[in-house]
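The structure appears below as structure tokens.
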Amino acid sequence: MELAILSVSFLVFLVLGVPVSFALGLSCVLTYLYEGLPAATAMQSMISGMNAFSFLAVPFFIFSGELMLHGGIADRILRFAQATVGHFRGGLGMANVVACTLFGGVSGSPTADTSAMGGVVIPMMKREGYSAAYAVNVTTHSSLAGALMPTSTNMIIYAFAAQGITGTLNGQHLSGVSIGDLLFSGLLPVLWVMGFVLIAAYWQAVKFGYPRRADGSTELQRFPGWFAVARTFLGALPGLMVIAIILVCVARGIATEAAAIAVAYSLVLTIVVYRTMTMKKLSHALSKAAKTTGVVLLLIGVSNMLRFQMAYLEIPDAIEHMLDGATSLPWLMLLYINVLQIFLGTFVDMAAHILITTPLFLPMAMHAGVGPVQFGIMILLNCSLGLVHPPIGSVQFIGCAIGNVSIGETTKVAWPYYLAIFSAINIVTYVPMFSTWLPSLINGHPVF
């Protein structure tokens, strides 16, 4: 009965349009009350969920991304990308892929990436003779790199969701996940996604003859020369250095402090070096960062209430027994988990998805031979696909609004980009070294 109250009330609140964090919190409180537990217990559970030192990184990473978003770094990164690959067929689209990937490393957010780069590149691509659907798909799918970059707040959210989950893998007892290991583990998958999105963008440009200008010409721009490439790279380098700063700090064991250092660097860069930050932009960045931080921390707090209820009702054990009954093959178990994750990701926001499903699926994944670091990249990729797929598709809706095109039109021609994400999901799932090799190399011991 408790499970019915928890699940049905949550679904009812969602249908009524209640935000996910409030729907989750209210359904948990109703379940607490039905079980005869005092409401104070629910509040204590929520506060304890937010009371973690590592969460200091969340507002700092968010603020750093907002500073970069409003500080003019996007234009400089785009100029470098255009100088590098802009002379190929579909060059502006390929430059868009490279620029979105690089800016994703600066902002750590697919939404911010699409807003910043899309606002500049999508109208430019339409003027140059690219279809709106092509411009939007290239932008939104390459922006997903932000979820796997070291500046990603979703990685910190996953680290919280995985804490306290234990298991044994290759004879080693594992508990939770290191944020430092997680931040390094996403770099190779990011390069894989960028490479395959570049292939998809080039293939579609060749197939449809992009760019097709109004006068019928399809002439490509000339390669500006290596001097121009070097000059634009130097212009973008100070902004890209924030990625290197975070990685160096993480390698030295100060992952949480790295976020504060990133904010200090971003302030100096945008105010002193680029001189693009005004009081109005700074105020807007502070306001947006505060709002986003409030939403994320509230979601983390209510998800801790949900964790208590799932453990109390033994929900993860029930799901594991159900999947064990469906198959005893580890590879098929992982396939089921990925399919369920992708399905849920199309209906639930990314942060909520991570917080709700990690306690459910991580123990099963560990039972199938997947470590918490590898599973972290799996779940981030699965959630990312939901950002560009209806009905939620928040990143795709932002891109469509900028490009003034329907989401149905973009979805019709998005399948090559979906394949790029699917390929990354599968290689991370079935080739553990693809996500664990780099953190293992840096740490000098195996990382799972």
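Residue names in the structure tokens use chain letters A, B, ... in the order shown, residue numbers from 1 in each chain, and ligand numbers from 1 in the order shown.
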
List the neighbours of region 38-49 of chain A out to 12 Å using only C-alpha atoms; skip same-chain residues closer than 4 positions along the sequence, and give me the result as a compact mmCIF listing (two decimals) with C-alpha atoms, in the first residue's frame.
# COMPACT_ATOMS: atom_id res chain seq x y z
CA SER A 21 10.89 18.40 -7.03
CA LEU A 24 8.51 14.08 -5.35
CA GLY A 25 8.60 15.79 -1.96
CA LEU A 26 4.83 15.82 -1.48
CA SER A 27 4.44 12.16 -2.45
CA CYS A 28 7.20 11.21 0.02
CA VAL A 29 5.56 13.23 2.82
CA LEU A 30 2.21 11.52 2.17
CA THR A 31 3.93 8.14 2.38
CA TYR A 32 5.72 9.12 5.61
CA LEU A 33 2.39 10.14 7.16
CA TYR A 34 0.65 6.93 6.06
CA PHE A 53 30.58 19.37 1.78
CA SER A 54 30.89 18.18 -1.83
CA PHE A 55 27.71 20.09 -2.72
CA ILE A 157 24.53 14.95 -8.47
CA PHE A 160 25.59 12.05 -4.32
CA ALA A 161 23.01 9.59 -5.63
CA GLN A 163 26.91 7.39 -2.11
CA VAL A 296 19.06 21.54 -7.78
CA LEU A 297 19.51 21.49 -3.99
CA LEU A 298 15.76 21.16 -3.40
CA LEU A 299 15.71 18.22 -5.77
CA ILE A 300 18.67 16.65 -3.97
CA GLY A 301 16.93 17.10 -0.62
CA VAL A 302 13.62 15.52 -1.65
CA SER A 303 15.45 12.72 -3.44
CA ASN A 304 17.05 11.80 -0.11
CA MET A 305 13.52 11.38 1.28
CA LEU A 306 12.82 9.10 -1.67
CA ARG A 307 16.02 7.11 -1.01
CA PHE A 308 14.79 6.44 2.54
CA GLN A 309 11.41 5.26 1.27
CA LEU A 355 18.60 11.02 -8.33

Could you name the residues that touch Met378 (chain A) at 7 Å or less, counting only C-alpha atoms, but leaving out those on the same chain fewer than 6 positions away, as a PDB file with N, CA and C atoms, in the first residue's frame?
ATOM      1  N   ILE A 425      26.694   5.098 -25.899  1.00  0.00           N
ATOM      2  CA  ILE A 425      26.096   4.343 -24.791  1.00  0.00           C
ATOM      3  C   ILE A 425      26.571   2.894 -24.812  1.00  0.00           C
ATOM      4  N   VAL A 428      30.418   2.476 -23.993  1.00  0.00           N
ATOM      5  CA  VAL A 428      30.666   2.687 -22.561  1.00  0.00           C
ATOM      6  C   VAL A 428      30.137   1.501 -21.759  1.00  0.00           C
ATOM      7  N   THR A 429      28.996   0.948 -22.173  1.00  0.00           N
ATOM      8  CA  THR A 429      28.384  -0.166 -21.444  1.00  0.00           C
ATOM      9  C   THR A 429      29.206  -1.442 -21.544  1.00  0.00           C
TER      10      THR A 429
END

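Using only C-alpha atoms, the nearest neighbour of Ser109 (chain A) within the list A:Ala74, A:Val272, A:Leu282, A:Ile62 is A:Ile62.
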
Can you pull out the residues contacting Leu169 (chain A)? Cut-off 9 Å, using only C-alpha atoms, and skip same-chain residues under 6 positions away; I want them as a PDB file with N, CA and C atoms, in the first residue's frame.
ATOM      1  N   MET A 366      26.201  -3.197 -10.829  1.00  0.00           N
ATOM      2  CA  MET A 366      27.378  -3.744 -10.153  1.00  0.00           C
ATOM      3  C   MET A 366      27.304  -5.268 -10.103  1.00  0.00           C
ATOM      4  N   HIS A 367      26.110  -5.789  -9.928  1.00  0.00           N
ATOM      5  CA  HIS A 367      25.913  -7.242  -9.940  1.00  0.00           C
ATOM      6  C   HIS A 367      26.240  -7.822 -11.312  1.00  0.00           C
ATOM      7  N   GLY A 369      28.580  -6.605 -13.244  1.00  0.00           N
ATOM      8  CA  GLY A 369      29.993  -6.382 -13.539  1.00  0.00           C
ATOM      9  C   GLY A 369      30.354  -4.972 -13.940  1.00  0.00           C
ATOM     10  N   VAL A 370      29.469  -4.010 -13.713  1.00  0.00           N
ATOM     11  CA  VAL A 370      29.725  -2.611 -14.070  1.00  0.00           C
ATOM     12  C   VAL A 370      29.992  -1.817 -12.794  1.00  0.00           C
ATOM     13  N   GLY A 371      31.126  -1.111 -12.750  1.00  0.00           N
ATOM     14  CA  GLY A 371      31.475  -0.313 -11.588  1.00  0.00           C
ATOM     15  C   GLY A 371      30.724   1.005 -11.546  1.00  0.00           C
ATOM     16  N   PHE A 448      36.984   1.480 -11.140  1.00  0.00           N
ATOM     17  CA  PHE A 448      35.792   0.818 -11.680  1.00  0.00           C
ATOM     18  C   PHE A 448      34.585   1.745 -11.612  1.00  0.00           C
TER      19      PHE A 448
END

Nearest to Gly209 (chain A), chosen from A:Pro416, A:Gly345, A:Pro391, A:Gly129, with only C-alpha atoms counted in the distances
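Using only C-alpha atoms, the shortest distance to Gly209 (chain A) belongs to A:Gly129.
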
Between A:Phe434, A:Pro59, A:Thr327, A:Met50, which has the minimum distance to Ser287 (chain A) (counting only C-alpha atoms)?
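Looking at the shortest contact to Ser287 (chain A), the residue is A:Pro59.
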
Which of these residues is nearest to Leu380 (chain A), using only C-alpha atoms: A:Asp75, A:Ile342, A:Leu69, A:Ile122?
A:Ile342
